[in-house]
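Everything on this sheet refers to the single structure shown next.
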Amino acid sequence: MTEQVLSVGVAGASGYAGGELLRLIAGHPNLAIQVAAAGGKVGQPICSVHPQLPAYAGQVFAETDPVTLAACDLVFLALPHGQSAQLAASLPPHVVVVDLGADHRLVDAAAWEQFYGGQHAGAWLYGMPELPLAREGLRGAVRIANPGCYPTAISLALAPLLHEELVSTEDIVVVAASGTSGAGRKAVEPLLGSEVMGAMSAYKIGGVHQHTPEIEQALGQASGREAKVSFTPSLAPMPRGILATCTGRIAPGVAVAQLRSCLSAAYDAEPFVHLLPEGQLPTTAATAGSNSVQMQVAFDDRTGRVTVISAMDNLVKGAAGQAVQNANLACEFPETTGLTNMGVAP
């Protein structure tokens with residue numbers, strides 16, 4: 001019996017996340033690219049932009065046409081924030097749509113207007129399968145908001161501890177470093193090689209980073225309580241990867257052993273989230289090219305704070321890989337199809 005193969009459209013296929021989608025779909029037995037759309041590069045060979053993808057030799061980028069995309073079974077939107085909603089609204093309700101942008105992540109319209117500007121398009125189902133109670137809701141879904149990269153690394157590190165009320169939601173501090181691909185494929189001076197190489201810098205400090213409300217929303221939903229997060233992002237001199245150092249105050253009466261046991265219980269059966277053996281620290285290199293998240297937990301008894309460090313590839317688990325994972329659930333394929341938890345190192 002022939003396995004079901006779905007036709008797939010990717011809007012924004014010339015970007016970094018779009019390229020990762022093309023790479024993963026090429027190795028997926030149940031997905032086949034029908035439309036690789038890139039508005040600014042229509043007619044250009046896909047391999048001229050993505051030379052790492054010889055499977056697409058001879059194919060060119062198509063126009064971002066709603067009618068053409070509407071003929072697909074599954075559409076991924078890998079567009080800049082604020083550009084997905086209008087295109088998504090023109091697609092038929094039976095087409096499965098996974099939006100890698102922020103347009104449909106936030107429930108609070110005021111938060112959208114404050115951090116992104118413009119009209120709020122409304123929230124879709126939030127697609128982070130490992131969050132408490134999230135996976136079952138994704139099965140058969142037709143509209144999915146794919147989480148941001150920083151929110152994925154941070155939420156997975158802290159959500160189980162908050163869900164079990166082992167850590168306070170009121171005193172969460174996160175410092176996270178991302179590779180330059182997290183800013184997208186655009187030529188801007190701060191991302192030039194000569195500006196980034198040999199340097200590390202913070203940016204959007206003081207609670208103004210656009211992922212802040214998404215992080216607080218995800219952690220609040222996981223815990224059932226309002227979460228407040230002090231979030232400082234940094235730019236690291238590497239093309240891909242995120243390392244997030246997440247700390248919180250332990251709730252009164254919680255034993256240290258409960259912290260590791262909680263994360264073990266949450267993730268031991270998960271294919272893509274790995275709590276490392278005690279004493280081993282996560283590195284971004286170990287997760288490169290994979291859909292995996294590696295983490296470690298430690299307790300500082302002087303301050304009464306827990307630290308969870310998580311590492312992942314921002315373009316895979318932080319974008320395209322998680323989108324494919326969500327699509328697998330929505331289309332009722334095995335969740336791990338077309339994905340790997342094996343990184344590439346060195």
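All residue names refer to the structure tokens as shown: chains lettered A, B, ... in order, residues numbered from 1 in each chain, ligands numbered from 1 in order.
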
Please list as JSON, numbers by chain every residue within 10 Å of region 263-268 of chain A, counting only C-alpha atoms and excluding residues in the same chain fewer than 3 positions away. {"A": [130, 131, 132, 156, 157, 158, 159, 160, 161, 258, 259, 260, 271, 272, 273, 274, 275, 276, 295, 296, 297, 308]}

From a DSSP pass on the backbone, collect the residues of region 198-274 of chain A flagged as strand (DSSP E or B) and hand them back as a ChimeraX atom specification. /A:201-202,229-235,242-250,273-274

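For Ala227 (chain A), the non-local neighbours within 9 Å, defined as residues at least 3 positions apart in the same chain or in other chains and counting only C-alpha atoms, are Ser168, Thr169, Glu170, Asp171, Ile172, Ile215, Glu216, Gln217, Ala218, Leu219, Gly220, Gln221, Ser223 and Gly224 of chain A.
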
Mind dumping the selected residues with C-alpha atoms as a JSON list (two decimals), in the first residue's frame?
[["chain", "number", "residue", "atom", "x", "y", "z"],
["A", 168, "SER", "CA", 7.66, 30.89, 41.39],
["A", 169, "THR", "CA", 6.24, 32.62, 38.31],
["A", 170, "GLU", "CA", 7.03, 36.05, 39.72],
["A", 171, "ASP", "CA", 10.84, 36.11, 39.65],
["A", 172, "ILE", "CA", 12.02, 34.56, 36.38],
["A", 215, "ILE", "CA", 7.32, 33.75, 26.65],
["A", 216, "GLU", "CA", 5.09, 35.05, 29.45],
["A", 217, "GLN", "CA", 1.98, 33.73, 27.69],
["A", 218, "ALA", "CA", 3.43, 30.22, 27.24],
["A", 219, "LEU", "CA", 4.72, 30.02, 30.81],
["A", 220, "GLY", "CA", 1.46, 31.44, 32.16],
["A", 221, "GLN", "CA", -0.56, 28.84, 30.31],
["A", 223, "SER", "CA", 1.48, 27.16, 35.13],
["A", 224, "GLY", "CA", -2.09, 28.45, 35.24]]

DSSP helix (DSSP H, G or I) selection over region 220-342 of chain A, as a ChimeraX atom specification: /A:220-223,256-267,285-287,316-330

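For the set A:Thr337, A:Gln325, A:Ser234, A:Ser181, the residue with the smallest atom-to-atom gap to Ala199 (chain A) is A:Ser234, counting only C-alpha atoms.
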
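Among A:His81, A:Arg305, A:Arg240, A:Arg249, the residue with the shortest atom-to-atom distance to Gly118 (chain A), counting only C-alpha atoms, is A:His81.
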
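In this structure, CA of Ser48 (chain A) sits 19.3 Å away from CA of Pro239 (chain A).
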
All residues 12 Å or closer to Leu191 (chain A), only C-alpha atoms, same chain fewer than 3 positions away omitted, as number ranges by chain: A: 179-188, 194-197, 199-201, 235-239

Dump of C-alpha atoms for the selected residues, as an mmCIF file, in the first residue's frame:
data_model
loop_
_atom_site.group_PDB
_atom_site.id
_atom_site.type_symbol
_atom_site.label_atom_id
_atom_site.label_comp_id
_atom_site.auth_asym_id
_atom_site.auth_seq_id
_atom_site.Cartn_x
_atom_site.Cartn_y
_atom_site.Cartn_z
ATOM 1 C CA GLY A 179 23.066 32.956 16.333
ATOM 2 C CA THR A 180 22.721 35.600 13.645
ATOM 3 C CA SER A 181 20.274 33.572 11.526
ATOM 4 C CA GLY A 182 17.628 34.344 14.140
ATOM 5 C CA ALA A 183 17.386 37.843 12.673
ATOM 6 C CA GLY A 184 16.490 36.511 9.229
ATOM 7 C CA ARG A 185 18.180 36.755 5.862
ATOM 8 C CA LYS A 186 18.527 40.474 5.375
ATOM 9 C CA ALA A 187 21.550 42.671 4.820
ATOM 10 C CA VAL A 188 21.767 44.992 7.822
ATOM 11 C CA SER A 194 32.939 42.005 10.286
ATOM 12 C CA GLU A 195 30.548 43.348 12.950
ATOM 13 C CA VAL A 196 29.685 39.960 14.468
ATOM 14 C CA MET A 197 32.904 37.958 14.326
ATOM 15 C CA ALA A 199 32.019 39.958 19.335
ATOM 16 C CA MET A 200 29.038 39.234 21.549
ATOM 17 C CA SER A 201 26.435 41.851 22.374
ATOM 18 C CA LEU A 235 23.734 38.047 19.674
ATOM 19 C CA ALA A 236 26.447 35.387 19.503
ATOM 20 C CA PRO A 237 29.112 35.123 16.765
ATOM 21 C CA MET A 238 27.693 31.958 15.207
ATOM 22 C CA PRO A 239 25.209 31.373 12.375
#

From A:Tyr150, A:Phe76, A:Phe61, A:Tyr203, residue lying nearest Ala327 (chain A) [only C-alpha atoms]: A:Phe76

Can you tell me which residues surround Ala319 (chain A) at a distance of at most 7 Å, considering only C-alpha atoms, apart from same-chain residues fewer than 2 positions away, and format the answer as a ChimeraX atom specification? /A:17,100,148-149,314-317,321-323

Grab the residues selected above and save them as a PDB file, in the first residue's frame with N, CA and C atoms.
ATOM      1  N   ALA A  17      14.665  30.126   7.439  1.00  0.00           N
ATOM      2  CA  ALA A  17      13.678  29.149   7.892  1.00  0.00           C
ATOM      3  C   ALA A  17      13.035  28.440   6.707  1.00  0.00           C
ATOM      4  N   LEU A 100       4.978  30.194  10.686  1.00  0.00           N
ATOM      5  CA  LEU A 100       6.225  30.338  11.432  1.00  0.00           C
ATOM      6  C   LEU A 100       6.437  31.763  11.925  1.00  0.00           C
ATOM      7  N   GLY A 148       8.030  30.993  18.557  1.00  0.00           N
ATOM      8  CA  GLY A 148       9.306  31.612  18.279  1.00  0.00           C
ATOM      9  C   GLY A 148      10.448  30.800  18.844  1.00  0.00           C
ATOM     10  N   CYS A 149      11.675  31.125  18.417  1.00  0.00           N
ATOM     11  CA  CYS A 149      12.847  30.348  18.829  1.00  0.00           C
ATOM     12  C   CYS A 149      13.170  30.556  20.307  1.00  0.00           C
ATOM     13  N   ASN A 314      18.161  27.150  16.474  1.00  0.00           N
ATOM     14  CA  ASN A 314      17.049  28.090  16.314  1.00  0.00           C
ATOM     15  C   ASN A 314      16.313  27.930  14.994  1.00  0.00           C
ATOM     16  N   LEU A 315      16.974  27.378  13.967  1.00  0.00           N
ATOM     17  CA  LEU A 315      16.318  27.212  12.673  1.00  0.00           C
ATOM     18  C   LEU A 315      15.564  25.888  12.555  1.00  0.00           C
ATOM     19  N   VAL A 316      15.854  24.940  13.445  1.00  0.00           N
ATOM     20  CA  VAL A 316      15.178  23.639  13.364  1.00  0.00           C
ATOM     21  C   VAL A 316      14.115  23.583  14.462  1.00  0.00           C
ATOM     22  N   LYS A 317      14.469  23.189  15.683  1.00  0.00           N
ATOM     23  CA  LYS A 317      13.455  23.162  16.734  1.00  0.00           C
ATOM     24  C   LYS A 317      12.865  24.551  16.984  1.00  0.00           C
ATOM     25  N   GLY A 321      11.903  22.832  12.015  1.00  0.00           N
ATOM     26  CA  GLY A 321      11.720  21.487  12.548  1.00  0.00           C
ATOM     27  C   GLY A 321      10.469  21.376  13.390  1.00  0.00           C
ATOM     28  N   GLN A 322      10.245  22.353  14.239  1.00  0.00           N
ATOM     29  CA  GLN A 322       9.036  22.333  15.055  1.00  0.00           C
ATOM     30  C   GLN A 322       7.787  22.479  14.184  1.00  0.00           C
ATOM     31  N   ALA A 323       7.909  23.237  13.083  1.00  0.00           N
ATOM     32  CA  ALA A 323       6.784  23.362  12.162  1.00  0.00           C
ATOM     33  C   ALA A 323       6.445  22.017  11.522  1.00  0.00           C
TER      34      ALA A 323
END

Pick the closest to Thr232 (chain A) from A:Gln210, A:Gln114, A:Gln294, A:Thr340: which is it, counting only C-alpha atoms? A:Gln210

Neighbours of Glu214 (chain A) within 9 Å (only C-alpha atoms; same-chain residues fewer than 6 positions away dropped), as a ChimeraX atom specification? /A:105-107,111,147-148,151

Next, write the just-selected residues to a file, as a PDB file, in the first residue's frame, keeping all heavy atoms as the atom set.
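Output file result.pdb follows:
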ATOM      1  N   ARG A 105       0.364  34.117  17.188  1.00  0.00           N
ATOM      2  CA  ARG A 105       0.830  33.507  18.442  1.00  0.00           C
ATOM      3  C   ARG A 105       0.185  34.120  19.678  1.00  0.00           C
ATOM      4  O   ARG A 105      -0.089  33.415  20.655  1.00  0.00           O
ATOM      5  CB  ARG A 105       2.354  33.664  18.565  1.00  0.00           C
ATOM      6  CG  ARG A 105       3.166  32.908  17.548  1.00  0.00           C
ATOM      7  CD  ARG A 105       4.641  33.265  17.705  1.00  0.00           C
ATOM      8  NE  ARG A 105       5.460  32.714  16.628  1.00  0.00           N
ATOM      9  CZ  ARG A 105       6.671  33.151  16.351  1.00  0.00           C
ATOM     10  NH1 ARG A 105       7.221  34.128  17.063  1.00  0.00           N
ATOM     11  NH2 ARG A 105       7.352  32.613  15.353  1.00  0.00           N
ATOM     12  N   LEU A 106      -0.019  35.424  19.672  1.00  0.00           N
ATOM     13  CA  LEU A 106      -0.426  36.112  20.896  1.00  0.00           C
ATOM     14  C   LEU A 106      -1.939  36.170  21.038  1.00  0.00           C
ATOM     15  O   LEU A 106      -2.661  36.526  20.097  1.00  0.00           O
ATOM     16  CB  LEU A 106       0.143  37.529  20.916  1.00  0.00           C
ATOM     17  CG  LEU A 106       1.669  37.646  20.926  1.00  0.00           C
ATOM     18  CD1 LEU A 106       2.090  39.109  20.969  1.00  0.00           C
ATOM     19  CD2 LEU A 106       2.266  36.885  22.112  1.00  0.00           C
ATOM     20  N   VAL A 107      -2.394  35.852  22.232  1.00  0.00           N
ATOM     21  CA  VAL A 107      -3.822  35.935  22.546  1.00  0.00           C
ATOM     22  C   VAL A 107      -4.231  37.378  22.806  1.00  0.00           C
ATOM     23  O   VAL A 107      -5.321  37.818  22.427  1.00  0.00           O
ATOM     24  CB  VAL A 107      -4.150  35.048  23.769  1.00  0.00           C
ATOM     25  CG1 VAL A 107      -5.594  35.235  24.209  1.00  0.00           C
ATOM     26  CG2 VAL A 107      -3.870  33.582  23.447  1.00  0.00           C
ATOM     27  N   ALA A 111      -0.964  43.294  23.552  1.00  0.00           N
ATOM     28  CA  ALA A 111       0.448  42.907  23.503  1.00  0.00           C
ATOM     29  C   ALA A 111       0.956  42.907  22.064  1.00  0.00           C
ATOM     30  O   ALA A 111       2.081  43.334  21.797  1.00  0.00           O
ATOM     31  CB  ALA A 111       0.641  41.528  24.133  1.00  0.00           C
ATOM     32  N   PRO A 147       5.729  28.390  17.422  1.00  0.00           N
ATOM     33  CA  PRO A 147       6.353  29.280  18.400  1.00  0.00           C
ATOM     34  C   PRO A 147       7.641  29.911  17.903  1.00  0.00           C
ATOM     35  O   PRO A 147       8.288  29.419  16.966  1.00  0.00           O
ATOM     36  CB  PRO A 147       6.642  28.352  19.589  1.00  0.00           C
ATOM     37  CG  PRO A 147       5.689  27.220  19.424  1.00  0.00           C
ATOM     38  CD  PRO A 147       5.568  27.027  17.949  1.00  0.00           C
ATOM     39  N   GLY A 148       8.030  30.993  18.557  1.00  0.00           N
ATOM     40  CA  GLY A 148       9.306  31.612  18.279  1.00  0.00           C
ATOM     41  C   GLY A 148      10.448  30.800  18.844  1.00  0.00           C
ATOM     42  O   GLY A 148      10.265  29.893  19.663  1.00  0.00           O
ATOM     43  N   PRO A 151      11.166  31.700  22.737  1.00  0.00           N
ATOM     44  CA  PRO A 151      10.111  31.124  23.579  1.00  0.00           C
ATOM     45  C   PRO A 151      10.174  29.598  23.671  1.00  0.00           C
ATOM     46  O   PRO A 151       9.840  29.027  24.717  1.00  0.00           O
ATOM     47  CB  PRO A 151       8.814  31.583  22.895  1.00  0.00           C
ATOM     48  CG  PRO A 151       9.200  32.872  22.247  1.00  0.00           C
ATOM     49  CD  PRO A 151      10.606  32.653  21.754  1.00  0.00           C
TER      50      PRO A 151
END

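By only C-alpha atoms, and with residues fewer than 3 positions from Val75 (chain A) along its chain excluded, the set lying at most 8 Å from it is Val8, Gly9, Val10, Ala11, Leu69, Cys72, Val95, Val96, Val97 and Val98 of chain A.
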
Restrict the selected residues to C-alpha atoms and save them as a short mmCIF file (atom, residue, chain, number, x, y, z; two decimals), in the first residue's frame.
data_model
loop_
_atom_site.label_atom_id
_atom_site.label_comp_id
_atom_site.auth_asym_id
_atom_site.auth_seq_id
_atom_site.Cartn_x
_atom_site.Cartn_y
_atom_site.Cartn_z
CA VAL A 8 3.17 21.25 0.25
CA GLY A 9 3.56 24.96 -0.32
CA VAL A 10 6.18 27.11 1.39
CA ALA A 11 5.78 30.88 1.35
CA LEU A 69 -0.96 27.85 -2.49
CA CYS A 72 -1.77 22.46 -1.68
CA VAL A 95 -5.80 23.45 4.01
CA VAL A 96 -3.49 22.81 6.96
CA VAL A 97 -1.52 26.01 7.62
CA VAL A 98 1.47 26.31 9.93
#

A:Pro346, A:Gly304, A:Gly289, A:Pro213: which is nearest Ala320 (chain A), counting only C-alpha atoms? A:Gly289

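As for CA of Gln280 (chain A) and CA of Leu162 (chain A), they are spaced 23.3 Å apart.
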